[in-house]
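**Student:** Contents of run.tsv (TSV, C-alpha atoms):
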```tsv
chain	number	residue	atom	x	y	z
A	1	MET	CA	32.01	-5.65	0.37
A	2	LEU	CA	33.44	-2.78	2.37
A	3	LEU	CA	30.02	-1.66	3.41
A	4	ARG	CA	28.89	-5.08	4.42
A	5	SER	CA	30.41	-5.30	7.85
A	6	GLY	CA	28.83	-3.36	10.63
A	7	VAL	CA	26.74	-1.03	8.50
A	8	ALA	CA	23.64	-3.20	8.33
A	9	PRO	CA	21.13	-1.15	10.33
A	10	ARG	CA	19.42	-2.76	13.26
A	11	THR	CA	15.96	-1.59	12.50
A	12	SER	CA	14.20	-3.28	15.37
A	13	ARG	CA	15.15	-4.33	18.84
A	14	SER	CA	13.20	-7.49	18.36
A	15	LEU	CA	13.51	-10.71	20.28
A	16	VAL	CA	15.82	-11.92	17.54
A	17	SER	CA	18.38	-9.17	18.04
A	18	LEU	CA	18.14	-9.66	21.79
A	19	PHE	CA	19.20	-13.24	21.41
A	20	ARG	CA	21.69	-12.33	18.67
A	21	LEU	CA	20.67	-15.45	16.89
A	22	GLU	CA	19.70	-16.19	13.36
A	23	PRO	CA	15.91	-16.08	12.98
A	24	ARG	CA	16.06	-19.69	11.85
A	25	LEU	CA	17.68	-20.76	15.10
A	26	VAL	CA	15.07	-18.87	17.12
A	27	ALA	CA	12.32	-20.53	15.09
A	28	ILE	CA	13.87	-23.95	15.62
A	29	GLY	CA	14.16	-23.30	19.35
A	30	LEU	CA	10.53	-22.20	19.49
A	31	LEU	CA	9.35	-25.27	17.59
A	32	GLY	CA	11.41	-27.56	19.82
A	33	GLY	CA	9.98	-25.83	22.87
A	34	ILE	CA	6.41	-26.08	21.65
A	35	LEU	CA	6.84	-29.79	20.94
A	36	SER	CA	8.44	-30.26	24.34
A	37	GLY	CA	5.53	-28.56	26.08
A	38	LEU	CA	2.99	-30.48	24.01
A	39	LEU	CA	4.41	-33.99	24.39
A	40	GLY	CA	6.63	-33.85	27.48
A	41	VAL	CA	9.76	-34.67	25.50
A	42	GLY	CA	13.03	-32.80	25.11
A	43	GLY	CA	12.28	-31.53	21.62
A	44	GLY	CA	15.49	-32.89	20.10
A	45	VAL	CA	13.66	-35.13	17.64
A	46	ILE	CA	12.41	-32.02	15.84
A	47	MET	CA	15.38	-29.69	16.49
A	48	VAL	CA	18.09	-32.00	15.15
A	49	PRO	CA	16.43	-32.58	11.74
A	50	LEU	CA	15.64	-28.88	11.37
A	51	LEU	CA	19.18	-27.84	12.34
A	52	VAL	CA	20.57	-30.15	9.65
A	53	LEU	CA	18.01	-29.75	6.86
A	54	TRP	CA	17.03	-26.10	7.35
A	55	ALA	CA	19.83	-24.31	9.23
A	56	GLY	CA	22.61	-26.19	7.44
A	57	TYR	CA	24.34	-27.53	10.54
A	58	GLU	CA	26.66	-30.50	10.29
A	59	GLN	CA	25.13	-33.63	11.76
A	60	ARG	CA	27.38	-33.78	14.84
A	61	SER	CA	27.05	-30.06	15.66
A	62	ALA	CA	23.29	-30.29	15.29
A	63	HIS	CA	23.07	-33.07	17.91
A	64	ALA	CA	25.28	-31.11	20.30
A	65	ALA	CA	23.27	-27.89	19.81
A	66	SER	CA	20.02	-29.74	20.36
A	67	LEU	CA	21.24	-31.28	23.61
A	68	GLY	CA	22.31	-27.88	24.95
A	69	ALA	CA	19.03	-26.26	23.93
A	70	ILE	CA	17.13	-28.94	25.82
A	71	ILE	CA	18.51	-27.65	29.14
A	72	PRO	CA	16.49	-24.38	29.33
A	73	ILE	CA	13.55	-25.96	27.49
A	74	SER	CA	13.19	-28.76	30.03
A	75	ILE	CA	13.51	-26.32	32.93
A	76	ALA	CA	10.52	-24.39	31.56
A	77	GLY	CA	8.56	-27.63	31.20
A	78	ILE	CA	9.42	-28.85	34.70
A	79	LEU	CA	8.31	-25.55	36.20
A	80	THR	CA	5.01	-25.67	34.31
A	81	PHE	CA	4.29	-29.28	35.25
A	82	GLY	CA	5.72	-28.82	38.74
A	83	VAL	CA	3.15	-26.12	39.44
A	84	ALA	CA	0.47	-28.63	38.42
A	85	GLY	CA	1.98	-31.15	40.85
A	86	ALA	CA	2.33	-33.89	38.25
A	87	VAL	CA	6.01	-34.77	38.73
A	88	HIS	CA	6.73	-38.22	40.22
A	89	VAL	CA	10.09	-37.71	41.88
A	90	PRO	CA	10.98	-41.34	42.87
A	91	GLU	CA	10.48	-42.64	39.32
A	92	ALA	CA	12.39	-39.67	37.91
A	93	ALA	CA	15.27	-40.29	40.35
A	94	GLY	CA	15.54	-43.93	39.31
A	95	LEU	CA	15.59	-43.11	35.62
A	96	ALA	CA	18.02	-40.22	36.13
A	97	CYS	CA	20.49	-42.49	38.01
A	98	GLY	CA	20.78	-44.60	34.90
A	99	SER	CA	20.51	-41.86	32.30
A	100	ILE	CA	23.33	-39.78	33.75
A	101	VAL	CA	25.70	-42.72	33.41
A	102	GLY	CA	24.38	-43.46	29.93
A	103	ALA	CA	24.63	-39.83	28.81
A	104	ARG	CA	28.35	-39.70	29.63
A	105	PHE	CA	28.92	-42.70	27.42
A	106	GLY	CA	26.57	-41.53	24.67
A	107	ALA	CA	28.01	-38.02	24.47
A	108	GLY	CA	31.52	-39.44	24.33
A	109	LEU	CA	30.38	-41.60	21.44
A	110	LEU	CA	28.85	-38.57	19.68
A	111	ALA	CA	32.19	-36.77	19.90
A	112	SER	CA	33.97	-39.52	17.98
A	113	ILE	CA	31.41	-41.30	15.81
A	114	ASP	CA	31.58	-41.17	12.01
A	115	GLU	CA	29.09	-38.54	10.75
A	116	ARG	CA	27.56	-40.83	8.17
A	117	LEU	CA	27.00	-43.56	10.72
A	118	LEU	CA	25.47	-40.98	13.06
A	119	LYS	CA	23.05	-39.92	10.35
A	120	LEU	CA	22.12	-43.54	9.72
A	121	VAL	CA	21.57	-44.31	13.41
A	122	PHE	CA	19.52	-41.16	13.94
A	123	GLY	CA	17.42	-41.82	10.84
A	124	ALA	CA	16.66	-45.32	12.05
A	125	PHE	CA	15.85	-43.96	15.51
A	126	LEU	CA	13.37	-41.44	14.08
A	127	ALA	CA	11.74	-44.06	11.88
A	128	ALA	CA	11.38	-46.37	14.90
A	129	VAL	CA	9.85	-43.58	16.96
A	130	ALA	CA	7.42	-42.84	14.14
A	131	VAL	CA	6.31	-46.48	14.05
A	132	LEU	CA	5.98	-46.51	17.86
A	133	LEU	CA	3.81	-43.40	17.77
A	134	ALA	CA	1.72	-44.75	14.91
A	135	VAL	CA	1.09	-48.01	16.78
A	136	ARG	CA	0.05	-46.20	19.93
A	137	THR	CA	-2.51	-44.00	18.19
B	1	MET	CA	6.06	-55.27	39.65
B	2	SER	CA	7.86	-55.41	43.02
B	3	ALA	CA	9.66	-52.34	44.29
B	4	VAL	CA	13.10	-53.83	43.61
B	5	ALA	CA	12.19	-54.96	40.11
B	6	LEU	CA	10.73	-51.55	39.41
B	7	ALA	CA	13.90	-49.82	40.62
B	8	VAL	CA	16.09	-52.08	38.47
B	9	ALA	CA	13.85	-51.53	35.46
B	10	LEU	CA	13.91	-47.75	35.94
B	11	VAL	CA	17.70	-47.54	36.26
B	12	GLY	CA	18.23	-49.95	33.38
B	13	PHE	CA	15.86	-48.08	31.10
B	14	GLY	CA	17.56	-44.88	32.27
B	15	VAL	CA	20.93	-46.13	31.04
B	16	VAL	CA	19.53	-46.95	27.59
B	17	THR	CA	17.78	-43.59	27.40
B	18	GLY	CA	20.91	-41.78	28.53
B	19	VAL	CA	23.07	-43.37	25.83
B	20	ALA	CA	20.50	-42.48	23.17
B	21	SER	CA	20.18	-38.97	24.58
B	22	GLY	CA	23.93	-38.30	24.63
B	23	LEU	CA	24.58	-39.84	21.24
B	24	LEU	CA	21.56	-38.41	19.42
B	25	GLY	CA	21.20	-35.08	21.20
B	26	VAL	CA	17.60	-35.72	22.13
B	27	GLY	CA	16.07	-35.55	25.57
B	28	GLY	CA	14.96	-39.15	25.61
B	29	GLY	CA	11.44	-38.23	26.62
B	30	ILE	CA	10.12	-39.77	23.45
B	31	MET	CA	11.23	-43.15	24.84
B	32	MET	CA	10.51	-42.49	28.51
B	33	VAL	CA	6.92	-41.27	28.21
B	34	PRO	CA	5.65	-44.54	26.66
B	35	PHE	CA	7.73	-46.53	29.17
B	36	LEU	CA	6.31	-44.60	32.13
B	37	THR	CA	2.71	-44.95	30.94
B	38	LEU	CA	2.81	-48.55	29.69
B	39	ALA	CA	5.30	-50.26	32.03
B	40	VAL	CA	5.17	-48.14	35.18
B	41	GLY	CA	1.51	-47.20	34.90
B	42	LEU	CA	1.69	-43.43	35.30
B	43	SER	CA	-0.95	-41.23	33.69
B	44	GLN	CA	0.00	-39.44	30.47
B	45	HIS	CA	0.26	-36.13	32.28
B	46	ALA	CA	2.43	-37.51	35.12
B	47	ALA	CA	4.63	-39.40	32.65
B	48	GLU	CA	5.34	-36.25	30.65
B	49	ALA	CA	6.18	-34.25	33.76
B	50	THR	CA	8.38	-37.01	35.20
B	51	SER	CA	10.14	-37.50	31.87
B	52	LEU	CA	11.12	-33.84	31.74
B	53	LEU	CA	12.66	-34.07	35.20
B	54	VAL	CA	14.95	-36.83	33.86
B	55	VAL	CA	15.64	-34.99	30.59
B	56	LEU	CA	17.19	-32.03	32.41
B	57	PRO	CA	20.10	-33.73	34.26
B	58	THR	CA	20.70	-35.99	31.25
B	59	ALA	CA	21.05	-33.01	28.90
B	60	ILE	CA	23.33	-31.21	31.36
B	61	VAL	CA	25.69	-34.19	31.74
B	62	GLY	CA	25.76	-34.81	27.98
B	63	SER	CA	26.41	-31.13	27.22
B	64	VAL	CA	29.24	-30.95	29.75
B	65	VAL	CA	30.92	-33.96	28.15
B	66	LEU	CA	30.50	-32.48	24.64
B	67	ARG	CA	31.85	-29.10	25.77
B	68	ARG	CA	34.90	-30.81	27.22
B	69	ARG	CA	35.41	-32.63	23.94
B	70	GLY	CA	35.03	-29.38	22.00
B	71	VAL	CA	31.91	-30.43	20.08
B	72	GLY	CA	29.37	-27.71	19.22
B	73	ASP	CA	28.81	-24.28	20.76
B	74	LEU	CA	27.02	-24.48	24.11
B	75	GLY	CA	26.45	-20.69	24.26
B	76	ILE	CA	24.44	-20.68	21.04
B	77	ALA	CA	22.67	-23.87	22.08
B	78	LEU	CA	21.55	-22.36	25.37
B	79	ARG	CA	20.20	-19.28	23.60
B	80	VAL	CA	18.29	-21.45	21.14
B	81	GLY	CA	16.87	-23.20	24.19
B	82	LEU	CA	15.95	-19.89	25.79
B	83	ALA	CA	13.80	-19.11	22.77
B	84	GLY	CA	12.53	-22.65	23.10
B	85	SER	CA	11.48	-22.20	26.71
B	86	LEU	CA	9.04	-19.52	25.53
B	87	GLY	CA	7.71	-22.02	23.01
B	88	GLY	CA	7.47	-24.59	25.78
B	89	ALA	CA	5.03	-22.45	27.74
B	90	GLY	CA	2.98	-21.90	24.57
B	91	GLY	CA	3.12	-25.59	23.73
B	92	ALA	CA	1.82	-26.63	27.11
B	93	ALA	CA	-1.09	-24.23	26.75
B	94	LEU	CA	-1.75	-25.53	23.24
B	95	ALA	CA	-1.67	-29.14	24.44
B	96	LEU	CA	-4.67	-28.46	26.64
B	97	SER	CA	-6.75	-27.23	23.72
B	98	LEU	CA	-5.79	-29.71	20.98
B	99	PRO	CA	-6.92	-33.32	20.57
B	100	GLY	CA	-3.89	-35.48	21.38
B	101	HIS	CA	-4.77	-38.00	18.70
B	102	THR	CA	-4.46	-35.53	15.81
B	103	LEU	CA	-1.22	-34.23	17.22
B	104	ARG	CA	0.36	-37.66	17.43
B	105	VAL	CA	-0.58	-38.60	13.87
B	106	VAL	CA	0.98	-35.43	12.44
B	107	PHE	CA	4.07	-35.88	14.55
B	108	ALA	CA	4.48	-39.54	13.57
B	109	ALA	CA	4.17	-38.69	9.87
B	110	PHE	CA	6.79	-35.96	10.20
B	111	LEU	CA	9.27	-38.24	11.97
B	112	GLY	CA	8.72	-41.06	9.52
B	113	LEU	CA	9.51	-38.82	6.54
B	114	VAL	CA	12.58	-37.27	8.16
B	115	GLY	CA	13.86	-40.67	9.27
B	116	LEU	CA	13.53	-42.07	5.76
B	117	LYS	CA	15.26	-39.04	4.25
B	118	LEU	CA	18.23	-39.32	6.63
B	119	VAL	CA	18.66	-43.04	6.01
B	120	HIS	CA	18.33	-42.44	2.28
B	121	ASP	CA	20.97	-39.64	2.36
B	122	ALA	CA	23.38	-41.75	4.38
B	123	LEU	CA	23.04	-44.75	2.08
B	124	ARG	CA	23.38	-42.68	-1.09
B	125	ARG	CA	26.53	-41.00	0.18
B	126	GLU	CA	27.94	-44.39	1.06
B	127	GLU	CA	27.43	-45.54	-2.53
B	128	ALA	CA	28.94	-42.34	-3.92
B	129	GLY	CA	31.91	-42.61	-1.56
B	130	THR	CA	32.94	-46.14	-2.48
```
Give the structure from this file in structure tokens form.
**Tutor:**
Amino acid sequence: MLLRSGVAPRTSRSLVSLFRLEPRLVAIGLLGGILSGLLGVGGGVIMVPLLVLWAGYEQRSAHAASLGAIIPISIAGILTFGVAGAVHVPEAAGLACGSIVGARFGAGLLASIDERLLKLVFGAFLAAVAVLLAVRT
Amino acid sequence: MSAVALAVALVGFGVVTGVASGLLGVGGGIMMVPFLTLAVGLSQHAAEATSLLVVLPTAIVGSVVLRRRGVGDLGIALRVGLAGSLGGAGGAALALSLPGHTLRVVFAAFLGLVGLKLVHDALRREEAGT
């Protein structure tokens, strides 16, 4: 036990040690980012389940971590798409006007909601998205 | 759709997306991309790009609220996202070389399974708790 703290050698100055993150968290971030780049979404639908089922996060913390991670991920996506000139600013502005108001309410709800209910709502949300995707394909 | 109706629809759909985004910690793009292609008539590419531009301010506002309420660790979250932004570049490149149909089927199957598992867990715990 005495040896355990601080003695673990840092064998490589890898990306992981740079971030000072668990490899699992880096992997989850990468997966979320890849999905975001592929489908033009935030990536939360894959990050939240992985944070809960694989990284052992509590449901509420997982949702909060996912939302924060989406900030740099979406910036990368916007830059990529922006270079291609595909962004429609008027439509984005309209949606953002509403979503900013909604996000304040939603995040406040996340802070206080019962964890079990949150899990239920999110599970139903994912199932609905899966059906939506299946119907579209 | 007239310009006014379109504006109302966009803001209204934005509110719904924002609530889902803040509560569920997702970007909301998964709802916005179909809306932008089917209801607004943007191309898939334009819809994805436009969706991401909405995702960013939404995630910032939601994260600020959560930080104020002391939920989660924004520092760790941002670093996870930094790793993710590398993946995002790779994902965009991959998107160009993969058939979108295959991708969507795999993704839908994954979400369906995870959704069922979460609902199942929640219901089982409810039974055990009472």
**Student:** Between A:Ile28, A:Gly40, A:Val131, A:Phe125, which has the minimum distance to chain B (counting all atoms listed in the file)?
**Tutor:**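 The answer is A:Gly40, which sits nearest to chain B.
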**Student:** Please list as number ranges by chain every residue within 10 Å of Gln59 in chain A, counting all atoms listed in the file and excluding residues in the same chain fewer than 5 positions away.
**Tutor:** A: 48-49, 51-53, 64, 114-116, 118-119, 122; B: 24
**Student:** Which one of A:Gly98, A:Gly123, A:Gly43, A:Gly56 sits closest to Gly77 in chain A if you count all atoms listed in the file?
**Tutor:**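 Looking only at the distances to Gly77 in chain A, the closest residue turns out to be A:Gly43.
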**Student:** Need to verify the contact set: range 111-114 of chain B, 7 Å, only C-alpha atoms, exclusion of same-chain residues closer than 4 positions in sequence. Can you return it as a ChimeraX atom specification?
**Tutor:** /A:126-127,130 /B:107,118
**Student:** What does the file look like for those residues with C-alpha atoms, as a short mmCIF file (atom, residue, chain, number, x, y, z; two decimals), keeping the file's coordinate frame?
**Tutor:**
```cif
data_model
loop_
_atom_site.label_atom_id
_atom_site.label_comp_id
_atom_site.auth_asym_id
_atom_site.auth_seq_id
_atom_site.Cartn_x
_atom_site.Cartn_y
_atom_site.Cartn_z
CA LEU A 126 13.37 -41.44 14.08
CA ALA A 127 11.74 -44.06 11.88
CA ALA A 130 7.42 -42.84 14.14
CA PHE B 107 4.07 -35.88 14.55
CA LEU B 118 18.23 -39.32 6.63
#
```
**Student:** To one decimal place in Å, what is the distance between CA of Ser66 in chain A and CA of Pro90 in chain A?
**Tutor:**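 Computed distance, CA of Ser66 in chain A to CA of Pro90 in chain A, equals 26.9 Å.
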**Student:** Using all atoms listed in the file, which protein or nucleic acid residues come within 7 Å of range 42-54 of chain B? Drop anything in the same chain fewer than 6 positions from it, and give the result as a ChimeraX atom specification.
**Tutor:** /A:39-42,74,77-78,81,86-89,92,95-96 /B:29,32-33,36
**Student:** Is it possible to add N, CA and C atoms to range 105-133 of chain A and hand it back as a CSV table (one decimal), in the frame of the given file?
**Tutor:**
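Once everything was written out, this is part31.csv:
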```csv
chain,number,residue,atom,x,y,z
A,105,PHE,N,28.5,-41.8,28.5
A,105,PHE,CA,28.9,-42.7,27.4
A,105,PHE,C,28.4,-42.2,26.0
A,106,GLY,N,27.2,-41.9,25.9
A,106,GLY,CA,26.6,-41.5,24.7
A,106,GLY,C,27.2,-40.3,24.1
A,107,ALA,N,27.4,-39.3,24.9
A,107,ALA,CA,28.0,-38.0,24.5
A,107,ALA,C,29.5,-38.2,24.0
A,108,GLY,N,30.2,-39.1,24.7
A,108,GLY,CA,31.5,-39.4,24.3
A,108,GLY,C,31.5,-40.1,23.0
A,109,LEU,N,30.5,-40.9,22.7
A,109,LEU,CA,30.4,-41.6,21.4
A,109,LEU,C,30.1,-40.6,20.3
A,110,LEU,N,29.2,-39.6,20.7
A,110,LEU,CA,28.8,-38.6,19.7
A,110,LEU,C,30.1,-37.8,19.2
A,111,ALA,N,31.0,-37.5,20.2
A,111,ALA,CA,32.2,-36.8,19.9
A,111,ALA,C,33.1,-37.5,18.9
A,112,SER,N,33.0,-38.8,18.8
A,112,SER,CA,34.0,-39.5,18.0
A,112,SER,C,33.4,-40.3,16.8
A,113,ILE,N,32.0,-40.4,16.8
A,113,ILE,CA,31.4,-41.3,15.8
A,113,ILE,C,31.5,-40.7,14.4
A,114,ASP,N,31.6,-41.6,13.4
A,114,ASP,CA,31.6,-41.2,12.0
A,114,ASP,C,30.2,-40.5,11.7
A,115,GLU,N,30.3,-39.3,11.0
A,115,GLU,CA,29.1,-38.5,10.8
A,115,GLU,C,28.0,-39.3,10.0
A,116,ARG,N,28.5,-40.1,9.0
A,116,ARG,CA,27.6,-40.8,8.2
A,116,ARG,C,26.8,-41.9,9.0
A,117,LEU,N,27.6,-42.5,9.8
A,117,LEU,CA,27.0,-43.6,10.7
A,117,LEU,C,26.0,-42.9,11.7
A,118,LEU,N,26.4,-41.7,12.2
A,118,LEU,CA,25.5,-41.0,13.1
A,118,LEU,C,24.1,-40.7,12.4
A,119,LYS,N,24.2,-40.2,11.1
A,119,LYS,CA,23.0,-39.9,10.4
A,119,LYS,C,22.2,-41.2,10.2
A,120,LEU,N,22.8,-42.3,9.9
A,120,LEU,CA,22.1,-43.5,9.7
A,120,LEU,C,21.4,-44.0,11.0
A,121,VAL,N,22.1,-43.9,12.1
A,121,VAL,CA,21.6,-44.3,13.4
A,121,VAL,C,20.4,-43.4,13.8
A,122,PHE,N,20.6,-42.1,13.6
A,122,PHE,CA,19.5,-41.2,13.9
A,122,PHE,C,18.3,-41.3,13.0
A,123,GLY,N,18.5,-41.6,11.8
A,123,GLY,CA,17.4,-41.8,10.8
A,123,GLY,C,16.6,-43.0,11.2
A,124,ALA,N,17.3,-44.1,11.6
A,124,ALA,CA,16.7,-45.3,12.0
A,124,ALA,C,15.9,-45.1,13.3
A,125,PHE,N,16.5,-44.3,14.2
A,125,PHE,CA,15.8,-44.0,15.5
A,125,PHE,C,14.5,-43.2,15.3
A,126,LEU,N,14.6,-42.2,14.4
A,126,LEU,CA,13.4,-41.4,14.1
A,126,LEU,C,12.3,-42.3,13.5
A,127,ALA,N,12.7,-43.2,12.5
A,127,ALA,CA,11.7,-44.1,11.9
A,127,ALA,C,11.1,-45.0,12.9
A,128,ALA,N,11.9,-45.5,13.9
A,128,ALA,CA,11.4,-46.4,14.9
A,128,ALA,C,10.4,-45.6,15.8
A,129,VAL,N,10.7,-44.4,16.1
A,129,VAL,CA,9.8,-43.6,17.0
A,129,VAL,C,8.5,-43.3,16.2
A,130,ALA,N,8.6,-43.1,14.9
A,130,ALA,CA,7.4,-42.8,14.1
A,130,ALA,C,6.5,-44.1,14.2
A,131,VAL,N,7.1,-45.2,14.0
A,131,VAL,CA,6.3,-46.5,14.0
A,131,VAL,C,5.7,-46.6,15.4
A,132,LEU,N,6.5,-46.4,16.5
A,132,LEU,CA,6.0,-46.5,17.9
A,132,LEU,C,4.8,-45.6,18.1
A,133,LEU,N,4.9,-44.4,17.6
A,133,LEU,CA,3.8,-43.4,17.8
A,133,LEU,C,2.6,-43.8,17.0
```
